[in-house]
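Engineer: Here it is, the structure, as structure tokens.
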Amino acid sequence: MAEPILTATDLVKHYPIKGGVLRRTVGHVKAVDGVSFELLKGETLGIVGESGCGKSTLGRLLMRLEEPTSGTVVFDGIDMYAQRGRAMRKLRRDIQIVFQDPYTSLNPRKTVGDIIGEPFEIHPDVVPKKGRRKTVQDLLDLVGLNPEHINRYPHQFSGGQRQRIGIARGIALNPKVLICDEPVSALDVSVQAQVVNLMEKLQDELGLSYVFIAHDLSVVRHISDRVAVMYLGKMAELGEEDEIYERPTHPYTQALLSAVPVPDPTLRDKKEQIVLQGDVPSPANPPSGCRFHTRCFKAQDICSVEVPELVLRPDGAGQHLSACHFAEPRVIVETVDVSDQQPDDIDLGLRDVSDLDEPSFERVGDGTQDG
Amino acid sequence: MTTTTTKSSQSTKTSDGHTYTPVDGRLLEVDDLHVEFHTQDGVARAINGVNMYLDQGETLAVLGESGSGKSVTAQAIMGILDMPPAKIPKGSIRYCGQDLLTMPEEQRRKTRGPEISMVFQDALSSLNPVFPVGWQIAEMFRKHRGMNRSDSLERAVKLMQRVQIPAAKERVKAYPHQFSGGMRQRIMIAMAIALDPAVLIADEPTTALDVTVQAQIMGLLQELQEERQMGLILITHDLGVVADVADRITVMYAGRIMERAEVFELYRQPAHPYTKGLLESIPRLDQKGQQLAAIGGLPPNLMRIPPGCEFNPRCRYAQDVCRTDRPALREVAPGRESACHFAEEVLHG
């Protein structure tokens, strides 16, 4: 088994709520509330959950864009939150991020060359000044864009192309870990696959580890080796991709999976659907005990009192981490293994083939969800 | 609250007391619709000859990406396009035999709400933030039925209960921001069904919602449709949602219909390269080891739609004829239509 490159222990992030005339702290939004996991070298760890579950905050904590309330992240043997100044800056090279919205995460006044080259301004010793333009062009080529378009501005590109630019910027410093926060959810369906395939290719070529944050369970299944399911700032379940999708033991995971519409009408009546009541409660005032107990179909008295630990629990075939007092496996989606029936001449869309001389569409795709 | 459903050209009386008369069970018929937007940069041809129909009690899914014209079609049917910049140079939209486009505005307003109604994607921006939700739902009864405040509010509470908003009586005076996204969408649905319309258009009703809430809302829509025998037009980009609820599918691309079929047939074997490409490019929850086949490039700019077939620059079946001749939507198998020169190859190959 590969060794961990990043280890998070008991990460907590509470945002204060100010209220009253004196702007005193009257409460806390418990965005992330005790999360521990390991990210292994070269793997993709998918993080799924509904809006407000803390998955984006977790991504920002791993980048140290936010300081945690408590907890530690150890990257390659270094305690990240203990680093200051130069040491921290050096560490930042190794952990980079790709944001959700390709329309707001690129500075409209800068050329693509400046955007992708900016990391080299901050970390000048990575590439000498002379070689930077060439490096940026190589990066453009690597993400499937035409290197000659280095002087264009973001508005001259479509959403999918912009996301390629965001990825190029993310990998510019040869990071070891790339945090991807909903990288394809703002893209149109026909463009999503291009970007997903590109990310898989880059991972193979560069040996990157991904933390892939998304709300789309199908995309996460496709790209992830292991998957963590979050609910209200805590992890409900964590395991290998097939453990989570084929043998989920947590009622929340089971409900989530059953709610995902599968593009196959013949499954319409065969699919069992667990309909959850109501919405996700506010993270400012999460339920006591197990946070899911207010919506859970299995809840009993103990669930509102005692917080279930995220520990190994049997799943029928083996065991994986689950945080439910009454964890037991239940098949929600019948999985078909199609790895041997794929045509060879498939177009992966690794290269962008759009005609760039056409001014592109100035619209965000329909697929956007999380804020 | 049941509607008396009748076949052929008989009138249907809704629970609300008004009647409508579908022609042979047909509620809506769109014929050769064209919509263009006149902007400073030129003319964007958003819809270029769209035909569709909707029968009583059926669900028609209109599937497409951004810019495919699916929402513009809905807005044209509803009569809520801003004109200018929009213009409808050609086409007709008949509701129960009457052309909506040539109807006087006064009469059209009377169809909007009681006859044809719409649920929008973004409930927060579709609701007025400064009025209580109950007041906004009740407005339908005040404006269209001439009810007074207290009666209309009472009806609003009933509707809120019908769309399963908990503690409806207490929350009727609450404002939109005090509700969650899913609850706001329920309020939108309550408004849309208030006058018991014959046609309900749902434009991406669950796109902004979480998947567990999406399941609730789609379930509610289906339930209401069955109960009231509405014709439902579901506009979406989500192939999963369509597979779950639709009877028939219309696939749109760059303002034209690429393919039309009954839902099981379309998913079993698509007859247009675009549909085929879409189905192969989405990851599936129930499959592992799947390779995603991407559709290269991106949808065309509507000001410069390529000559020939709209999809030809991205199509793996494209030949010379595709770059010069625009294929018409034609029947390629019983009950199946495709706008592709090589539809038979796609269908059987």
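Order determines the names: the first chain of the structure tokens is A, the second B, and so forth; residues in each chain are numbered 1 upward, and ligands are numbered 1 upward as they are shown.
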What's around Pro283 in chain B at 7 Å? Count only C-alpha atoms, leave out sequence neighbours fewer than 2 positions away in its own chain, and write the answer as a ChimeraX atom specification.

Structural biologist: /A:218-219,222 /B:281,285,292

Engineer: Please identify which residues in range 278-315 of chain A DSSP calls strand (DSSP E) from the backbone, and express them as a VMD selection string.

Structural biologist: chain A and resid 311 to 314

Engineer: Write the residues of the preceding selection, restricted to C-alpha atoms, as an mmCIF file, in the first residue's frame.

Structural biologist:
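The file below, result.cif, is the result:
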data_model
loop_
_atom_site.group_PDB
_atom_site.id
_atom_site.type_symbol
_atom_site.label_atom_id
_atom_site.label_comp_id
_atom_site.auth_asym_id
_atom_site.auth_seq_id
_atom_site.Cartn_x
_atom_site.Cartn_y
_atom_site.Cartn_z
ATOM 1 C CA VAL A 311 -14.342 3.339 13.047
ATOM 2 C CA LEU A 312 -13.988 0.156 11.029
ATOM 3 C CA ARG A 313 -17.325 -1.610 10.814
ATOM 4 C CA PRO A 314 -18.146 -4.774 8.867
#

Engineer: Between B:Ala318, B:Ala190, B:Val346, B:Leu63, which has the minimum distance to chain A (counting only C-alpha atoms)?

Structural biologist: B:Leu63

Engineer: Excluding Ala123 in chain B and residues on its chain fewer than 3 positions from it, collect all residues at most 6 Å away from it, counting only C-alpha atoms, and give them as a list in words.

Structural biologist: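 With the cut-off at 6 Å, the set is Ser126, Arg184 and Gln185 of chain B.
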
Engineer: With a distance cut-off of 12 Å and only C-alpha atoms, select the neighbouring residues of Lys134 in chain A, excluding the residue or stretch itself and same-chain residues fewer than 6 positions from it, and output the selection as a list in words.

Structural biologist: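 The residues that qualify are Gly113, Ile116, Gly117, Val127, Pro128, Leu140, Asp141, Pro147, Glu148 and Ile150 of chain A.
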
Engineer: Skipping near chain neighbours, those fewer than 4 positions away, what residues fall within 7 Å of Thr249 in chain A using only C-alpha atoms, listed as a PyMOL selection string?

Structural biologist: chain A and resi 315+322+327-330

Engineer: Write the residues of the selection above to a file with C-alpha atoms, as a PDB file, in the first residue's frame.

Structural biologist:
ATOM      1  CA  ASP A 315     -19.622  -4.208   5.410  1.00  0.00           C
ATOM      2  CA  SER A 322     -18.366   4.267   9.071  1.00  0.00           C
ATOM      3  CA  ALA A 327     -24.067   0.405  10.407  1.00  0.00           C
ATOM      4  CA  GLU A 328     -24.934  -2.455   8.095  1.00  0.00           C
ATOM      5  CA  PRO A 329     -24.357  -2.944   4.398  1.00  0.00           C
ATOM      6  CA  ARG A 330     -27.186  -2.448   1.946  1.00  0.00           C
TER       7      ARG A 330
END
